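Undergrad: So that you have it, the file is input_32.cif, and it contains mmCIF, C-alpha atoms:
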data_final
#
loop_
_atom_site.label_atom_id
_atom_site.label_comp_id
_atom_site.auth_asym_id
_atom_site.auth_seq_id
_atom_site.Cartn_x
_atom_site.Cartn_y
_atom_site.Cartn_z
CA MET A 1 75.58 84.32 97.74
CA ALA A 2 78.14 86.95 98.63
CA THR A 3 81.14 85.95 100.69
CA PRO A 4 81.83 88.06 103.75
CA THR A 5 84.90 90.22 103.52
CA LYS A 6 87.63 89.69 106.06
CA LYS A 7 88.77 92.65 108.10
CA PRO A 8 92.56 92.91 108.40
CA LYS A 9 93.91 92.11 111.85
CA GLN A 10 95.06 95.17 113.74
CA ARG A 11 97.51 94.98 116.60
CA SER A 12 96.84 97.14 119.64
CA GLY A 13 98.88 100.34 119.39
CA ALA A 14 99.66 99.86 115.69
CA TRP A 15 100.43 102.94 113.62
CA PHE A 16 99.62 101.30 110.27
CA ILE A 17 97.50 98.48 108.95
CA ALA A 18 98.53 96.23 106.07
CA ILE A 19 96.02 96.35 103.20
CA ARG A 20 96.64 94.65 99.82
CA GLY A 21 100.41 94.82 99.97
CA SER A 22 100.44 98.41 101.20
CA TYR A 23 100.12 100.17 104.51
CA LEU A 24 97.62 102.80 105.61
CA PRO A 25 97.88 104.89 108.77
CA VAL A 26 95.38 104.11 111.52
CA SER A 27 96.71 106.29 114.35
CA TRP A 28 97.84 109.86 114.61
CA TRP A 29 101.46 108.64 114.89
CA GLY A 30 100.98 106.93 111.55
CA TRP A 31 99.58 110.09 110.00
CA LEU A 32 102.45 112.08 111.54
CA THR A 33 104.90 109.99 109.51
CA TYR A 34 102.72 109.51 106.40
CA ILE A 35 101.97 113.19 105.66
CA PRO A 36 105.66 114.25 105.48
CA PHE A 37 106.30 111.22 103.23
CA ILE A 38 103.63 112.37 100.77
CA ALA A 39 104.89 115.97 101.02
CA TYR A 40 108.44 114.81 100.22
CA LEU A 41 107.24 112.86 97.16
CA THR A 42 105.38 115.94 95.94
CA TYR A 43 108.31 118.28 96.63
CA SER A 44 110.81 116.02 94.88
CA ALA A 45 108.58 115.74 91.79
CA VAL A 46 108.16 119.52 91.57
CA ALA A 47 111.86 120.14 92.20
CA ALA A 48 112.86 117.59 89.56
CA TYR A 49 110.54 119.21 87.04
CA LYS A 50 111.90 122.71 87.72
CA LEU A 51 115.60 121.87 88.05
CA THR A 52 116.08 119.55 85.09
CA ASP A 53 116.05 120.24 81.37
CA SER A 54 114.83 116.96 79.92
CA ALA A 55 112.44 114.15 80.73
CA ALA A 56 115.32 111.70 81.12
CA GLU A 57 117.01 113.90 83.73
CA THR A 58 113.71 114.28 85.57
CA ILE A 59 113.26 110.52 85.72
CA LEU A 60 116.88 109.95 86.77
CA TRP A 61 116.45 112.47 89.57
CA THR A 62 112.99 111.36 90.74
CA VAL A 63 113.22 107.56 90.70
CA PRO A 64 116.08 107.19 93.23
CA ASN A 65 114.48 109.71 95.58
CA TRP A 66 111.07 108.06 95.44
CA THR A 67 112.56 104.57 95.77
CA ALA A 68 114.57 105.50 98.85
CA ALA A 69 111.62 107.28 100.48
CA THR A 70 109.27 104.38 99.74
CA VAL A 71 111.69 101.78 101.13
CA ILE A 72 112.11 103.79 104.34
CA MET A 73 108.37 104.38 104.71
CA THR A 74 107.57 100.71 104.10
CA TRP A 75 110.17 99.68 106.66
CA ILE A 76 108.66 102.05 109.25
CA ALA A 77 105.12 100.90 108.48
CA ARG A 78 106.05 97.22 108.63
CA ARG A 79 107.74 97.63 112.01
CA THR A 80 104.85 99.63 113.52
CA SER A 81 101.90 97.63 112.18
#
Go ahead and render the structure in this file as structure tokens.

TA:
Amino acid sequence: MATPTKKPKQRSGAWFIAIRGSYLPVSWWGWLTYIPFIAYLTYSAVAAYKLTDSAAETILWTVPNWTAATVIMTWIARRTS
């Protein structure tokens, strides 16, 4: 017998919903903050690849940028979910 899956609780007016330790946008305000976040991650990866000469430099340039962006995005999502 299959167990029913629980739907995550969603607060009225929430921008994000918490799913498995992450957050997904559920409103257009959420998407308005999430799309630039993904664009920044993509831009920083491409810039690191083009501007650095070695794999170590690429990692040393990318990891702090991605960590800072992820911390900020998680903080925003946690406060607005």

Undergrad: Mind listing whatever residues come within 10 Å of the point (97.2, 100.4, 111.9)? Use all atoms listed in the file, file coordinates, and give them as a list in words.

TA: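 Every residue inside that radius is included here: Pro8, Lys9, Gln10, Arg11, Ser12, Gly13, Ala14, Trp15, Phe16, Ile17, Ala18, Ile19, Tyr23, Leu24, Pro25, Val26, Ser27, Trp28, Trp29, Gly30, Ala77, Arg78, Thr80 and Ser81 of chain A.
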
Undergrad: What does the structure give for the distance between atom CA of Tyr34 of chain A and atom CA of Trp61 of chain A, in Å to one decimal?

TA: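 Computing the Euclidean distance for atom CA of Tyr34 of chain A and atom CA of Trp61 of chain A yields 21.9 Å.
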
Undergrad: Work out how far atom CA of Leu60 of chain A is from atom CA of Thr74 of chain A, in Å to one decimal.

TA: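 One can read the atom CA of Thr74 of chain A to atom CA of Leu60 of chain A distance as 21.7 Å.
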
Undergrad: Give me, please, the distance in Å between atom CA of Glu57 of chain A and atom CA of Ser22 of chain A, quoted to one decimal.

TA: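 Between these atoms lies a distance of 28.6 Å.
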
Undergrad: Which residues, named as in the file, does the PyMOL selection byres ((chain A and resi 69) around 12) pick out? Answer as a list in words.

TA: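 Checking the PyMOL selection byres ((chain A and resi 69) around 12) against this file, the residues are Thr33, Tyr34, Pro36, Phe37, Ile38, Ala39, Tyr40, Leu41, Thr42, Ser44, Thr62, Val63, Pro64, Asn65, Trp66, Thr67, Ala68, Thr70, Val71, Ile72, Met73, Thr74, Trp75 and Ile76 of chain A.
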
Undergrad: Would you fill the gaps in segment 13-48 of chain A so it has N, CA and C atoms, then print it as a PDB file, in the frame of the given file?

TA:
ATOM      1  N   GLY A  13      97.814  99.345 119.420  1.00  0.00           N
ATOM      2  CA  GLY A  13      98.880 100.340 119.390  1.00  0.00           C
ATOM      3  C   GLY A  13      99.577 100.450 118.044  1.00  0.00           C
ATOM      4  N   ALA A  14      99.036  99.825 117.020  1.00  0.00           N
ATOM      5  CA  ALA A  14      99.660  99.860 115.690  1.00  0.00           C
ATOM      6  C   ALA A  14      99.492 101.239 115.064  1.00  0.00           C
ATOM      7  N   TRP A  15     100.494 101.664 114.338  1.00  0.00           N
ATOM      8  CA  TRP A  15     100.430 102.940 113.620  1.00  0.00           C
ATOM      9  C   TRP A  15      99.813 102.751 112.249  1.00  0.00           C
ATOM     10  N   PHE A  16     100.074 101.588 111.632  1.00  0.00           N
ATOM     11  CA  PHE A  16      99.620 101.300 110.270  1.00  0.00           C
ATOM     12  C   PHE A  16      98.913  99.957 110.240  1.00  0.00           C
ATOM     13  N   ILE A  17      98.139  99.759 109.189  1.00  0.00           N
ATOM     14  CA  ILE A  17      97.500  98.480 108.950  1.00  0.00           C
ATOM     15  C   ILE A  17      97.841  98.048 107.525  1.00  0.00           C
ATOM     16  N   ALA A  18      98.165  96.763 107.389  1.00  0.00           N
ATOM     17  CA  ALA A  18      98.530  96.230 106.070  1.00  0.00           C
ATOM     18  C   ALA A  18      97.257  95.948 105.274  1.00  0.00           C
ATOM     19  N   ILE A  19      97.165  96.551 104.082  1.00  0.00           N
ATOM     20  CA  ILE A  19      96.020  96.350 103.200  1.00  0.00           C
ATOM     21  C   ILE A  19      96.536  96.147 101.789  1.00  0.00           C
ATOM     22  N   ARG A  20      96.284  94.976 101.221  1.00  0.00           N
ATOM     23  CA  ARG A  20      96.640  94.650  99.820  1.00  0.00           C
ATOM     24  C   ARG A  20      98.072  94.984  99.466  1.00  0.00           C
ATOM     25  N   GLY A  21      99.007  94.595 100.277  1.00  0.00           N
ATOM     26  CA  GLY A  21     100.410  94.820  99.970  1.00  0.00           C
ATOM     27  C   GLY A  21     100.903  96.222 100.256  1.00  0.00           C
ATOM     28  N   SER A  22     100.070  97.045 100.863  1.00  0.00           N
ATOM     29  CA  SER A  22     100.440  98.410 101.200  1.00  0.00           C
ATOM     30  C   SER A  22     100.103  98.652 102.659  1.00  0.00           C
ATOM     31  N   TYR A  23     100.405  99.808 103.129  1.00  0.00           N
ATOM     32  CA  TYR A  23     100.120 100.170 104.510  1.00  0.00           C
ATOM     33  C   TYR A  23      99.384 101.494 104.560  1.00  0.00           C
ATOM     34  N   LEU A  24      98.366 101.563 105.411  1.00  0.00           N
ATOM     35  CA  LEU A  24      97.620 102.800 105.610  1.00  0.00           C
ATOM     36  C   LEU A  24      97.674 103.182 107.081  1.00  0.00           C
ATOM     37  N   PRO A  25      97.821 104.471 107.369  1.00  0.00           N
ATOM     38  CA  PRO A  25      97.880 104.890 108.770  1.00  0.00           C
ATOM     39  C   PRO A  25      96.539 104.717 109.472  1.00  0.00           C
ATOM     40  N   VAL A  26      96.597 104.273 110.723  1.00  0.00           N
ATOM     41  CA  VAL A  26      95.380 104.110 111.520  1.00  0.00           C
ATOM     42  C   VAL A  26      95.452 104.868 112.838  1.00  0.00           C
ATOM     43  N   SER A  27      96.584 105.487 113.129  1.00  0.00           N
ATOM     44  CA  SER A  27      96.710 106.290 114.350  1.00  0.00           C
ATOM     45  C   SER A  27      97.323 107.637 113.988  1.00  0.00           C
ATOM     46  N   TRP A  28      97.300 108.540 114.920  1.00  0.00           N
ATOM     47  CA  TRP A  28      97.840 109.860 114.610  1.00  0.00           C
ATOM     48  C   TRP A  28      99.353 109.794 114.463  1.00  0.00           C
ATOM     49  N   TRP A  29     100.027 108.823 115.110  1.00  0.00           N
ATOM     50  CA  TRP A  29     101.460 108.640 114.890  1.00  0.00           C
ATOM     51  C   TRP A  29     101.729 108.201 113.448  1.00  0.00           C
ATOM     52  N   GLY A  30     100.859 107.351 112.934  1.00  0.00           N
ATOM     53  CA  GLY A  30     100.980 106.930 111.550  1.00  0.00           C
ATOM     54  C   GLY A  30     100.814 108.090 110.591  1.00  0.00           C
ATOM     55  N   TRP A  31      99.808 108.914 110.848  1.00  0.00           N
ATOM     56  CA  TRP A  31      99.580 110.090 110.000  1.00  0.00           C
ATOM     57  C   TRP A  31     100.734 111.079 110.131  1.00  0.00           C
ATOM     58  N   LEU A  32     101.329 111.167 111.313  1.00  0.00           N
ATOM     59  CA  LEU A  32     102.450 112.080 111.540  1.00  0.00           C
ATOM     60  C   LEU A  32     103.677 111.686 110.730  1.00  0.00           C
ATOM     61  N   THR A  33     103.794 110.421 110.377  1.00  0.00           N
ATOM     62  CA  THR A  33     104.900 109.990 109.510  1.00  0.00           C
ATOM     63  C   THR A  33     104.475 109.922 108.041  1.00  0.00           C
ATOM     64  N   TYR A  34     103.207 109.681 107.772  1.00  0.00           N
ATOM     65  CA  TYR A  34     102.720 109.510 106.400  1.00  0.00           C
ATOM     66  C   TYR A  34     102.606 110.849 105.653  1.00  0.00           C
ATOM     67  N   ILE A  35     102.145 111.888 106.311  1.00  0.00           N
ATOM     68  CA  ILE A  35     101.970 113.190 105.660  1.00  0.00           C
ATOM     69  C   ILE A  35     103.308 113.779 105.194  1.00  0.00           C
ATOM     70  N   PRO A  36     104.371 113.767 106.007  1.00  0.00           N
ATOM     71  CA  PRO A  36     105.660 114.250 105.480  1.00  0.00           C
ATOM     72  C   PRO A  36     106.188 113.390 104.328  1.00  0.00           C
ATOM     73  N   PHE A  37     105.897 112.096 104.335  1.00  0.00           N
ATOM     74  CA  PHE A  37     106.300 111.220 103.230  1.00  0.00           C
ATOM     75  C   PHE A  37     105.644 111.669 101.935  1.00  0.00           C
ATOM     76  N   ILE A  38     104.346 111.911 101.953  1.00  0.00           N
ATOM     77  CA  ILE A  38     103.630 112.370 100.770  1.00  0.00           C
ATOM     78  C   ILE A  38     104.118 113.768 100.356  1.00  0.00           C
ATOM     79  N   ALA A  39     104.383 114.623 101.333  1.00  0.00           N
ATOM     80  CA  ALA A  39     104.890 115.970 101.020  1.00  0.00           C
ATOM     81  C   ALA A  39     106.266 115.887 100.365  1.00  0.00           C
ATOM     82  N   TYR A  40     107.118 114.974 100.826  1.00  0.00           N
ATOM     83  CA  TYR A  40     108.440 114.810 100.220  1.00  0.00           C
ATOM     84  C   TYR A  40     108.323 114.316  98.779  1.00  0.00           C
ATOM     85  N   LEU A  41     107.433 113.351  98.526  1.00  0.00           N
ATOM     86  CA  LEU A  41     107.240 112.860  97.160  1.00  0.00           C
ATOM     87  C   LEU A  41     106.785 113.995  96.246  1.00  0.00           C
ATOM     88  N   THR A  42     105.868 114.812  96.726  1.00  0.00           N
ATOM     89  CA  THR A  42     105.380 115.940  95.940  1.00  0.00           C
ATOM     90  C   THR A  42     106.485 116.964  95.698  1.00  0.00           C
ATOM     91  N   TYR A  43     107.212 117.309  96.751  1.00  0.00           N
ATOM     92  CA  TYR A  43     108.310 118.280  96.630  1.00  0.00           C
ATOM     93  C   TYR A  43     109.374 117.790  95.654  1.00  0.00           C
ATOM     94  N   SER A  44     109.755 116.530  95.756  1.00  0.00           N
ATOM     95  CA  SER A  44     110.810 116.020  94.880  1.00  0.00           C
ATOM     96  C   SER A  44     110.358 115.994  93.418  1.00  0.00           C
ATOM     97  N   ALA A  45     109.088 115.725  93.168  1.00  0.00           N
ATOM     98  CA  ALA A  45     108.580 115.740  91.790  1.00  0.00           C
ATOM     99  C   ALA A  45     108.605 117.161  91.232  1.00  0.00           C
ATOM    100  N   VAL A  46     108.164 118.124  92.022  1.00  0.00           N
ATOM    101  CA  VAL A  46     108.160 119.520  91.570  1.00  0.00           C
ATOM    102  C   VAL A  46     109.586 120.025  91.383  1.00  0.00           C
ATOM    103  N   ALA A  47     110.470 119.705  92.311  1.00  0.00           N
ATOM    104  CA  ALA A  47     111.860 120.140  92.200  1.00  0.00           C
ATOM    105  C   ALA A  47     112.531 119.520  90.974  1.00  0.00           C
ATOM    106  N   ALA A  48     112.275 118.249  90.728  1.00  0.00           N
ATOM    107  CA  ALA A  48     112.860 117.590  89.560  1.00  0.00           C
ATOM    108  C   ALA A  48     112.371 118.242  88.276  1.00  0.00           C
TER     109      ALA A  48
END
